[in-house]
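Shown below: final31.pdb, with PDB, C-alpha atoms.
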```pdb
ATOM      1  CA  MET A  81      -6.623 -45.060-110.921
ATOM      2  CA  ASN A  82      -4.300 -47.088-108.684
ATOM      3  CA  GLN A  83      -2.016 -48.820-111.182
ATOM      4  CA  GLN A  84      -0.476 -51.010-108.519
ATOM      5  CA  SER A  85      -3.748 -52.872-107.848
ATOM      6  CA  THR A  86      -3.690 -54.305-111.387
ATOM      7  CA  LEU A  87      -0.032 -55.415-111.451
ATOM      8  CA  THR A  88       0.854 -59.068-111.946
ATOM      9  CA  ALA A  89       3.383 -60.883-109.759
ATOM     10  CA  GLN A  90       5.979 -60.554-112.535
ATOM     11  CA  GLU A  91       5.376 -56.799-112.740
ATOM     12  CA  ILE A  92       5.859 -56.458-108.993
ATOM     13  CA  ASN A  93       9.071 -58.522-108.876
ATOM     14  CA  PRO A  94      10.764 -58.668-112.291
ATOM     15  CA  LEU A  95      14.200 -59.102-110.672
ATOM     16  CA  ALA A  96      15.330 -62.267-108.905
ATOM     17  CA  SER A  97      16.541 -60.021-106.079
ATOM     18  CA  LEU A  98      17.097 -56.306-105.471
ATOM     19  CA  ASP A  99      20.835 -56.884-105.761
ATOM     20  CA  GLU A 100      20.345 -57.676-109.445
ATOM     21  CA  TRP A 101      19.856 -53.948-110.066
ATOM     22  CA  GLU A 102      23.050 -53.142-108.159
ATOM     23  CA  ASP A 103      24.969 -55.803-110.059
ATOM     24  CA  ASP A 104      23.750 -54.170-113.259
ATOM     25  CA  LEU A 105      25.282 -50.875-112.113
ATOM     26  CA  LEU A 106      28.669 -52.587-111.974
ATOM     27  CA  VAL A 107      28.233 -53.584-115.606
ATOM     28  CA  ARG A 108      27.318 -50.048-116.618
ATOM     29  CA  TYR A 109      29.837 -48.332-114.333
ATOM     30  CA  PRO A 110      32.654 -50.817-113.647
ATOM     31  CA  ASP A 111      35.296 -50.109-111.046
ATOM     32  CA  PRO A 112      38.021 -48.205-112.939
ATOM     33  CA  ALA A 113      40.595 -50.425-111.236
ATOM     34  CA  ASP A 114      39.040 -53.491-112.861
ATOM     35  CA  VAL A 115      38.661 -52.096-116.378
ATOM     36  CA  GLN A 116      41.123 -53.442-118.912
ATOM     37  CA  PRO A 117      40.694 -51.170-121.939
ATOM     38  CA  GLU A 118      42.419 -53.589-124.281
ATOM     39  CA  HIS A 119      39.770 -56.200-123.496
ATOM     40  CA  LYS A 120      36.547 -54.237-122.964
ATOM     41  CA  THR A 121      35.366 -50.945-124.354
ATOM     42  CA  LYS A 122      32.958 -48.545-122.689
ATOM     43  CA  ASP A 123      30.344 -49.452-125.297
ATOM     44  CA  GLU A 124      30.630 -53.112-124.362
ATOM     45  CA  PHE A 125      30.035 -52.298-120.706
ATOM     46  CA  ARG A 126      26.882 -50.403-121.658
ATOM     47  CA  ASN A 127      25.394 -53.208-123.769
ATOM     48  CA  TYR A 128      21.774 -53.151-122.619
ATOM     49  CA  GLU A 129      20.695 -55.730-125.183
ATOM     50  CA  ALA A 130      22.574 -58.729-123.765
ATOM     51  CA  PRO A 131      20.160 -61.645-123.165
ATOM     52  CA  ALA A 132      21.521 -62.179-119.651
ATOM     53  CA  ARG A 133      20.058 -58.793-118.748
ATOM     54  CA  ASP A 134      16.458 -59.508-119.785
ATOM     55  CA  SER A 135      15.136 -59.230-116.226
ATOM     56  CA  VAL A 136      16.869 -55.880-115.767
ATOM     57  CA  ARG A 137      15.458 -54.668-119.061
ATOM     58  CA  GLU A 138      11.949 -55.670-117.955
ATOM     59  CA  PHE A 139      12.528 -53.948-114.620
ATOM     60  CA  TYR A 140      13.328 -50.671-116.382
ATOM     61  CA  ARG A 141      10.410 -51.044-118.783
ATOM     62  CA  LEU A 142       8.064 -51.103-115.805
ATOM     63  CA  ASN A 143       9.941 -48.391-113.938
ATOM     64  CA  HIS A 144       9.855 -46.011-116.880
ATOM     65  CA  GLN A 145       6.223 -46.732-117.705
ATOM     66  CA  TYR A 146       4.780 -46.327-114.214
ATOM     67  CA  GLN A 147       6.953 -43.662-112.545
ATOM     68  CA  THR A 148       4.725 -40.720-113.444
ATOM     69  CA  TYR A 149       4.404 -37.398-111.661
ATOM     70  CA  ASP A 150       1.005 -38.425-110.270
ATOM     71  CA  PHE A 151       2.338 -41.813-109.133
ATOM     72  CA  VAL A 152       5.130 -40.109-107.193
ATOM     73  CA  GLN A 153       2.698 -37.694-105.537
ATOM     74  CA  GLN A 154       0.523 -40.647-104.529
ATOM     75  CA  LYS A 155       3.480 -42.448-102.924
ATOM     76  CA  ARG A 156       4.682 -39.314-101.153
ATOM     77  CA  ALA A 157       1.230 -38.809 -99.654
ATOM     78  CA  ASP A 158       1.115 -42.438 -98.539
ATOM     79  CA  TYR A 159       4.605 -43.024 -97.175
ATOM     80  CA  LEU A 160       5.611 -39.596 -95.930
ATOM     81  CA  ALA A 161       2.827 -39.833 -93.360
ATOM     82  CA  PHE A 162       5.180 -42.312 -91.620
ATOM     83  CA  ASN A 163       2.366 -44.375 -90.166
ATOM     84  CA  LYS A 164       3.520 -47.913 -91.105
ATOM     85  CA  LYS A 165       5.870 -48.825 -88.252
ATOM     86  CA  GLU A 166       7.952 -47.344 -85.460
ATOM     87  CA  MET A 167      11.230 -48.999 -84.501
ATOM     88  CA  SER A 168      14.874 -48.446 -83.714
ATOM     89  CA  VAL A 169      17.243 -47.969 -86.653
ATOM     90  CA  TRP A 170      18.961 -51.258 -85.832
ATOM     91  CA  GLY A 171      15.535 -52.893 -85.709
ATOM     92  CA  ALA A 172      14.768 -51.430 -89.126
ATOM     93  CA  MET A 173      18.004 -52.963 -90.433
ATOM     94  CA  GLU A 174      17.004 -56.364 -89.077
ATOM     95  CA  PHE A 175      13.585 -55.855 -90.675
ATOM     96  CA  LEU A 176      15.387 -55.088 -93.940
ATOM     97  CA  ASN A 177      17.241 -58.388 -93.652
ATOM     98  CA  THR A 178      14.054 -60.289 -94.433
ATOM     99  CA  LEU A 179      14.693 -59.196 -98.031
ATOM    100  CA  VAL A 180      17.545 -61.703 -98.355
ATOM    101  CA  ASP A 181      17.051 -63.803-101.498
ATOM    102  CA  ASP A 182      18.854 -67.103-102.029
ATOM    103  CA  SER A 183      18.729 -66.576-105.789
ATOM    104  CA  ASP A 184      21.279 -63.727-105.739
ATOM    105  CA  PRO A 185      24.225 -65.242-107.665
ATOM    106  CA  ASP A 186      26.716 -62.497-106.875
ATOM    107  CA  ILE A 187      27.255 -62.605-103.163
ATOM    108  CA  GLU A 188      25.762 -64.434-100.213
ATOM    109  CA  LEU A 189      25.566 -61.493 -97.837
ATOM    110  CA  ASP A 190      22.370 -60.094 -96.399
ATOM    111  CA  GLN A 191      21.395 -56.447 -96.619
ATOM    112  CA  LEU A 192      22.844 -55.573 -93.202
ATOM    113  CA  GLN A 193      26.222 -57.072 -94.071
ATOM    114  CA  HIS A 194      26.407 -55.126 -97.343
ATOM    115  CA  LEU A 195      25.653 -51.898 -95.470
ATOM    116  CA  LEU A 196      28.317 -52.728 -92.885
ATOM    117  CA  GLN A 197      30.843 -53.368 -95.657
ATOM    118  CA  THR A 198      30.069 -49.988 -97.209
ATOM    119  CA  ALA A 199      30.320 -48.185 -93.870
ATOM    120  CA  GLU A 200      33.487 -49.976 -92.820
ATOM    121  CA  ALA A 201      35.202 -49.048 -96.099
ATOM    122  CA  ILE A 202      34.296 -45.400 -95.449
ATOM    123  CA  ARG A 203      35.529 -45.619 -91.853
ATOM    124  CA  ALA A 204      38.801 -47.223 -92.935
ATOM    125  CA  ASP A 205      39.488 -44.207 -95.147
ATOM    126  CA  GLY A 206      39.163 -41.836 -92.202
ATOM    127  CA  HIS A 207      36.010 -39.969 -93.174
ATOM    128  CA  PRO A 208      33.828 -38.177 -90.559
ATOM    129  CA  ASP A 209      31.525 -40.325 -88.465
ATOM    130  CA  TRP A 210      28.371 -38.915 -90.121
ATOM    131  CA  PHE A 211      29.775 -40.103 -93.470
ATOM    132  CA  VAL A 212      30.291 -43.569 -91.971
ATOM    133  CA  LEU A 213      26.718 -43.536 -90.658
ATOM    134  CA  THR A 214      25.443 -42.530 -94.105
ATOM    135  CA  GLY A 215      27.150 -45.581 -95.589
ATOM    136  CA  PHE A 216      25.450 -47.750 -92.994
ATOM    137  CA  LEU A 217      22.005 -46.234 -93.530
ATOM    138  CA  HIS A 218      21.909 -45.536 -97.255
ATOM    139  CA  ASP A 219      19.793 -48.533 -98.334
ATOM    140  CA  MET A 220      17.463 -48.615 -95.331
ATOM    141  CA  GLY A 221      14.659 -47.231 -97.489
ATOM    142  CA  LYS A 222      14.443 -50.624 -99.225
ATOM    143  CA  VAL A 223      12.033 -51.577 -96.441
ATOM    144  CA  LEU A 224       9.476 -50.225 -98.924
ATOM    145  CA  CYS A 225       9.505 -53.718-100.477
ATOM    146  CA  LEU A 226       8.334 -55.136 -97.168
ATOM    147  CA  PHE A 227       5.320 -52.816 -97.302
ATOM    148  CA  GLY A 228       4.273 -54.332-100.624
ATOM    149  CA  GLU A 229       5.856 -51.876-103.035
ATOM    150  CA  PRO A 230       6.959 -53.262-106.426
ATOM    151  CA  GLN A 231      10.705 -53.414-107.024
ATOM    152  CA  TRP A 232      10.600 -50.636-109.638
ATOM    153  CA  ALA A 233       9.186 -48.287-106.972
ATOM    154  CA  VAL A 234      11.998 -49.134-104.560
ATOM    155  CA  VAL A 235      15.255 -49.372-106.527
ATOM    156  CA  GLY A 236      16.485 -48.294-109.946
ATOM    157  CA  ASP A 237      18.143 -45.179-111.338
ATOM    158  CA  THR A 238      16.248 -42.115-110.128
ATOM    159  CA  PHE A 239      15.303 -39.094-112.246
ATOM    160  CA  PRO A 240      13.148 -35.963-112.096
ATOM    161  CA  VAL A 241       9.452 -36.273-112.860
ATOM    162  CA  GLY A 242       7.475 -33.309-114.141
ATOM    163  CA  CYS A 243       9.808 -32.589-117.045
ATOM    164  CA  GLN A 244      11.203 -34.275-120.160
ATOM    165  CA  HIS A 245      12.978 -37.579-119.547
ATOM    166  CA  SER A 246      16.639 -37.408-120.489
ATOM    167  CA  ASP A 247      18.012 -39.785-123.105
ATOM    168  CA  LYS A 248      20.941 -40.305-120.708
ATOM    169  CA  ILE A 249      18.725 -42.401-118.430
ATOM    170  CA  VAL A 250      19.177 -46.137-118.941
ATOM    171  CA  TYR A 251      16.702 -47.561-121.523
ATOM    172  CA  PRO A 252      15.217 -44.148-122.405
ATOM    173  CA  GLU A 253      13.034 -45.695-125.136
ATOM    174  CA  PHE A 254      10.728 -47.130-122.472
ATOM    175  CA  PHE A 255       9.569 -43.650-121.483
ATOM    176  CA  ALA A 256       7.417 -43.653-124.636
ATOM    177  CA  GLN A 257       4.902 -45.699-122.602
ATOM    178  CA  ASN A 258       4.903 -43.189-119.734
ATOM    179  CA  PRO A 259       1.771 -40.989-119.901
ATOM    180  CA  ASP A 260       3.809 -37.939-118.865
ATOM    181  CA  SER A 261       5.729 -38.122-122.138
ATOM    182  CA  GLN A 262       2.479 -37.206-123.912
ATOM    183  CA  ASN A 263       1.532 -34.496-121.424
ATOM    184  CA  GLU A 264       2.431 -30.982-122.612
ATOM    185  CA  GLN A 265       2.815 -29.855-119.012
ATOM    186  CA  PHE A 266       5.561 -32.414-118.363
ATOM    187  CA  ASN A 267       7.269 -33.267-121.674
ATOM    188  CA  THR A 268       9.421 -30.186-122.286
ATOM    189  CA  LYS A 269      13.018 -29.675-121.154
ATOM    190  CA  TYR A 270      11.947 -27.682-118.083
ATOM    191  CA  GLY A 271       8.386 -28.952-117.669
ATOM    192  CA  ILE A 272       6.990 -27.506-114.444
ATOM    193  CA  TYR A 273      10.433 -26.225-113.378
ATOM    194  CA  SER A 274      12.618 -23.245-114.278
ATOM    195  CA  HIS A 275      16.268 -22.686-115.172
ATOM    196  CA  GLN A 276      18.564 -23.566-112.251
ATOM    197  CA  CYS A 277      15.591 -23.758-109.884
ATOM    198  CA  GLY A 278      17.509 -26.075-107.557
ATOM    199  CA  LEU A 279      16.847 -29.705-106.721
ATOM    200  CA  ASP A 280      14.907 -28.805-103.578
ATOM    201  CA  ASN A 281      12.228 -27.613-105.991
ATOM    202  CA  VAL A 282      12.370 -30.731-108.189
ATOM    203  CA  THR A 283      10.299 -33.875-107.583
ATOM    204  CA  MET A 284      12.303 -37.076-108.057
ATOM    205  CA  SER A 285      11.001 -40.519-109.020
ATOM    206  CA  TRP A 286       9.873 -42.561-106.028
ATOM    207  CA  GLY A 287      12.146 -45.087-104.345
ATOM    208  CA  HIS A 288      14.333 -45.927-101.381
ATOM    209  CA  ASP A 289      16.551 -42.849-101.781
ATOM    210  CA  GLU A 290      13.724 -40.324-101.549
ATOM    211  CA  TYR A 291      12.004 -42.232 -98.747
ATOM    212  CA  LEU A 292      15.120 -42.416 -96.545
ATOM    213  CA  TYR A 293      15.924 -38.766 -97.203
ATOM    214  CA  HIS A 294      12.614 -37.772 -95.651
ATOM    215  CA  ILE A 295      13.148 -40.131 -92.694
ATOM    216  CA  THR A 296      16.562 -38.589 -91.899
ATOM    217  CA  LYS A 297      16.332 -34.992 -93.147
ATOM    218  CA  ASP A 298      15.969 -33.452 -89.681
ATOM    219  CA  TYR A 299      18.944 -35.291 -88.211
ATOM    220  CA  LEU A 300      21.915 -35.619 -90.576
ATOM    221  CA  PRO A 301      24.291 -33.013 -92.062
ATOM    222  CA  GLU A 302      23.336 -31.707 -95.492
ATOM    223  CA  PRO A 303      26.128 -33.522 -97.382
ATOM    224  CA  ALA A 304      24.828 -36.806 -95.937
ATOM    225  CA  LEU A 305      21.322 -35.972 -97.105
ATOM    226  CA  TYR A 306      22.535 -35.313-100.652
ATOM    227  CA  MET A 307      24.342 -38.677-100.632
ATOM    228  CA  ILE A 308      21.185 -40.454 -99.509
ATOM    229  CA  ARG A 309      18.776 -38.624-101.790
ATOM    230  CA  TYR A 310      20.797 -38.614-105.006
ATOM    231  CA  HIS A 311      23.107 -41.640-104.922
ATOM    232  CA  SER A 312      20.950 -43.353-107.585
ATOM    233  CA  PHE A 313      20.600 -40.225-109.762
ATOM    234  CA  TYR A 314      23.120 -41.584-112.280
ATOM    235  CA  SER A 315      21.941 -39.536-115.249
ATOM    236  CA  GLN A 316      23.105 -36.455-113.365
ATOM    237  CA  HIS A 317      26.188 -37.370-111.365
ATOM    238  CA  ARG A 318      27.525 -39.570-114.184
ATOM    239  CA  GLU A 319      26.096 -37.880-117.294
ATOM    240  CA  LYS A 320      25.293 -34.257-116.192
ATOM    241  CA  ALA A 321      21.922 -34.588-117.931
ATOM    242  CA  TYR A 322      20.050 -32.212-115.628
ATOM    243  CA  ASP A 323      22.593 -29.427-115.133
ATOM    244  CA  HIS A 324      19.926 -26.948-116.267
ATOM    245  CA  LEU A 325      17.912 -27.651-113.086
ATOM    246  CA  LEU A 326      20.796 -27.583-110.602
ATOM    247  CA  ASN A 327      21.832 -24.401-108.831
ATOM    248  CA  ASP A 328      25.316 -23.608-107.533
ATOM    249  CA  HIS A 329      24.560 -25.087-104.125
ATOM    250  CA  ASP A 330      23.507 -28.388-105.697
ATOM    251  CA  ARG A 331      26.759 -28.514-107.657
ATOM    252  CA  ALA A 332      28.790 -27.988-104.497
ATOM    253  CA  MET A 333      26.873 -30.690-102.645
ATOM    254  CA  PHE A 334      27.167 -33.175-105.516
ATOM    255  CA  LYS A 335      30.884 -33.409-104.755
ATOM    256  CA  TRP A 336      29.803 -35.400-101.710
ATOM    257  CA  VAL A 337      27.622 -37.678-103.839
ATOM    258  CA  ASP A 338      30.682 -38.321-106.012
ATOM    259  CA  LYS A 339      32.708 -39.193-102.900
ATOM    260  CA  PHE A 340      30.064 -41.607-101.679
ATOM    261  CA  ASN A 341      29.201 -43.628-104.747
ATOM    262  CA  PRO A 342      32.439 -45.622-105.130
ATOM    263  CA  TYR A 343      31.902 -46.994-101.618
ATOM    264  CA  ASP A 344      28.375 -48.069-102.499
ATOM    265  CA  LEU A 345      29.328 -49.677-105.818
ATOM    266  CA  TYR A 346      32.752 -51.148-105.156
ATOM    267  CA  SER A 347      32.890 -52.188-101.480
ATOM    268  CA  LYS A 348      31.169 -55.573-101.840
ATOM    269  CA  SER A 349      33.367 -58.449-100.743
ATOM    270  CA  PRO A 350      32.740 -62.131 -99.996
ATOM    271  CA  LYS A 351      34.282 -61.551 -96.552
ATOM    272  CA  THR A 352      31.454 -61.522 -94.024
ATOM    273  CA  PRO A 353      31.491 -58.689 -91.451
ATOM    274  CA  VAL A 354      31.230 -59.856 -87.853
ATOM    275  CA  VAL A 355      27.991 -58.124 -86.936
ATOM    276  CA  SER A 356      28.260 -58.797 -83.192
ATOM    277  CA  GLU A 357      31.652 -57.048 -83.067
ATOM    278  CA  LEU A 358      30.532 -54.021 -85.077
ATOM    279  CA  ARG A 359      27.079 -53.536 -83.570
ATOM    280  CA  PRO A 360      28.154 -51.537 -80.454
ATOM    281  CA  TYR A 361      30.033 -48.981 -82.576
ATOM    282  CA  TYR A 362      27.127 -48.492 -84.967
ATOM    283  CA  GLU A 363      24.503 -48.349 -82.239
ATOM    284  CA  ASP A 364      26.519 -45.572 -80.542
ATOM    285  CA  LEU A 365      26.832 -43.781 -83.891
ATOM    286  CA  ILE A 366      23.095 -44.068 -84.534
ATOM    287  CA  ALA A 367      22.352 -42.703 -81.051
ATOM    288  CA  LYS A 368      24.607 -39.696 -81.697
ATOM    289  CA  TYR A 369      22.602 -38.516 -84.712
ATOM    290  CA  LEU A 370      19.176 -40.166 -84.753
ATOM    291  CA  PRO A 371      16.272 -40.557 -82.293
ATOM    292  CA  GLU A 372      15.807 -43.751 -80.312
ATOM    293  CA  LYS A 373      13.022 -44.786 -82.681
ATOM    294  CA  VAL A 374      12.204 -43.743 -86.224
ATOM    295  CA  ARG A 375       8.824 -43.783 -87.894
ATOM    296  CA  LEU A 376       8.521 -45.658 -91.168
TER     297      LEU A 376
END
```
Whole structure, structure tokens version:
Amino acid sequence: MNQQSTLTAQEINPLASLDEWEDDLLVRYPDPADVQPEHKTKDEFRNYEAPARDSVREFYRLNHQYQTYDFVQQKRADYLAFNKKEMSVWGAMEFLNTLVDDSDPDIELDQLQHLLQTAEAIRADGHPDWFVLTGFLHDMGKVLCLFGEPQWAVVGDTFPVGCQHSDKIVYPEFFAQNPDSQNEQFNTKYGIYSHQCGLDNVTMSWGHDEYLYHITKDYLPEPALYMIRYHSFYSQHREKAYDHLLNDHDRAMFKWVDKFNPYDLYSKSPKTPVVSELRPYYEDLIAKYLPEKVRL
């Protein structure tokens, strides 16, 4: 049964904007430079019961209920055919900009400007150009929303499907409503996987990370692909909840994920990038690594 066909408008868009999920990450994982231990404890930062976070809580209720192994396989079959659109990467970024939502209270920057801020922070620190490009591209998969996907199938913390859900994932109690939690094939520690099988053999929940990984996997260096694919896998790179599935190569590559995430979380600034000045540099960088047009 196609669950999506029966969803209400509130179940499709529980958040006021996609940035509300990213703002929530800053509450859970504040910039260490901004933390004042004498005023706030770690437990206070991880207070998921605060009334102001009701929309985020509802978002995760839906995410955890509907992100089943079968749902992910359905989305992979649909979207990894890449038959929705064909356009330049810059065109895809402009397409992504139609997601701008005036209700975002945090910052009045569109999606393209946030990606430019992330990339420019990486460039300022002298990292390789493919790392800079990864910062620019990393949220491009959010175009899934423009194809009618519900928010909880586009953003949110990602996690393996096909095995037991870790209690280190945000709001783990909501997995009780996920049919896989009652399925003996999927509800054990290893589920359909084996000890240290490697993440290439693990199916992740569906969203913008997984989608963009498959768009770019033939073009970017492997560290960039790990950054793209796993930058929302917080239960692992913050909590080490799935170490039993990772192999040694995954652990080596996750050092790059750790390098990337501070730029994604902490580079937002009210200062607006001048897109017209930066566009030539980024178009040249795109042309160096990616084809003239990509299929979405």
Self-check item: Atomic separation - atom CA of Ser349 of chain A relative to atom CA of Asp209 of chain A, Å
Solution: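 Separating atom CA of Asp209 of chain A from atom CA of Ser349 of chain A is a distance of 22.0 Å.
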Quiz item: Could you name the residues that touch Val355 of chain A at 9 Å or less, counting only C-alpha atoms, but leaving out those on the same chain fewer than 4 positions away, as a ChimeraX atom specification?
Solution: /A:192-193,196,359
Quiz item: Care to translate the PyMOL selection byres ((chain A and resi 226) around 10) into actual residues of this file, as a list of chain:residue names?
Solution: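 When the PyMOL selection byres ((chain A and resi 226) around 10) is applied, the selected residues are A:Phe175, A:Leu176, A:Thr178, A:Leu179, A:Lys222, A:Val223, A:Leu224, A:Cys225, A:Phe227, A:Gly228, A:Glu229, A:Pro230.
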Exercise. Using the chain letters and numbers from the file, give me the residues hit by the PyMOL selection byres ((chain A and resi 294) around 10), as a ChimeraX atom specification.
Key: /A:156,159-160,162,221,289-293,295-298,305,308-309,376
Quiz item: Can you list, as a ChimeraX atom specification, the residues that the PyMOL selection byres ((chain A and resi 373) around 12) selects here?
Solution: /A:165-172,295-296,366-367,369-372,374-376
Quiz item: Hey, what's within 10 Å of segment 319-333 of chain A if we count only C-alpha atoms and toss same-chain stuff fewer than 2 positions away? As a PyMOL selection string, please?
Solution: chain A and resi 239-240+245-249+269-270+273-282+302-307+313-317+335-338
Practice problem: Show me as a PyMOL selection string the residues that reach within 12 Å of (14.3, -46.4, -123.9), counting all atoms listed in the file and using the file's own coordinates. | Solution: chain A and resi 128-129+137-138+140-145+245-258
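Nearest-residue note for Leu98 of chain A: choosing from A:Phe216, A:Trp232, A:Trp286, A:Phe211, the minimum distance belongs to A:Trp232, counting all atoms listed in the file.
Residues surrounding Thr86 of chain A within 12 Å are Met81, Glu91, Ile92, Tyr146 and Pro230 of chain A [all atoms listed in the file; sequence separation below 5 positions excluded].
Distance check against Ala113 of chain A using only C-alpha atoms: of A:Pro94, A:Lys351, A:Glu357, A:Pro342, the minimum falls on A:Pro342.
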Self-check item: Separation of atom CA of Thr238 of chain A from atom CA of Gln90 of chain A, in Å and rounded to one decimal
Solution: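 Pair atom CA of Thr238 of chain A / atom CA of Gln90 of chain A returns 21.2 Å.
Across the model, the gap from atom CA of Gln153 of chain A to atom CA of Asp219 of chain A is 21.5 Å.
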Could you work out an axis-aligned bounding box for all listed atoms of segment 351-356 of chain A, with 3 Å added on each of the six sides, and give its centre and edge lengths in Å to one decimal, as AutoDock Vina command-line options?
```
--center_x 31.1 --center_y -59.8 --center_z -89.9 --size_x 12.3 --size_y 9.4 --size_z 19.4
```
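Residue nearest Lys339 of chain A within the list A:Pro259, A:Lys368, A:Thr214, A:Ala233: A:Thr214 [criterion: smallest interatomic distance, all atoms listed in the file].
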Practice problem: Name the residues in contact with Asp260 of chain A at a cut-off of 7 Å, using all atoms listed in the file, excluding same-chain residues fewer than 6 positions from it; report them as a ChimeraX atom specification. | Solution: /A:148,266-267
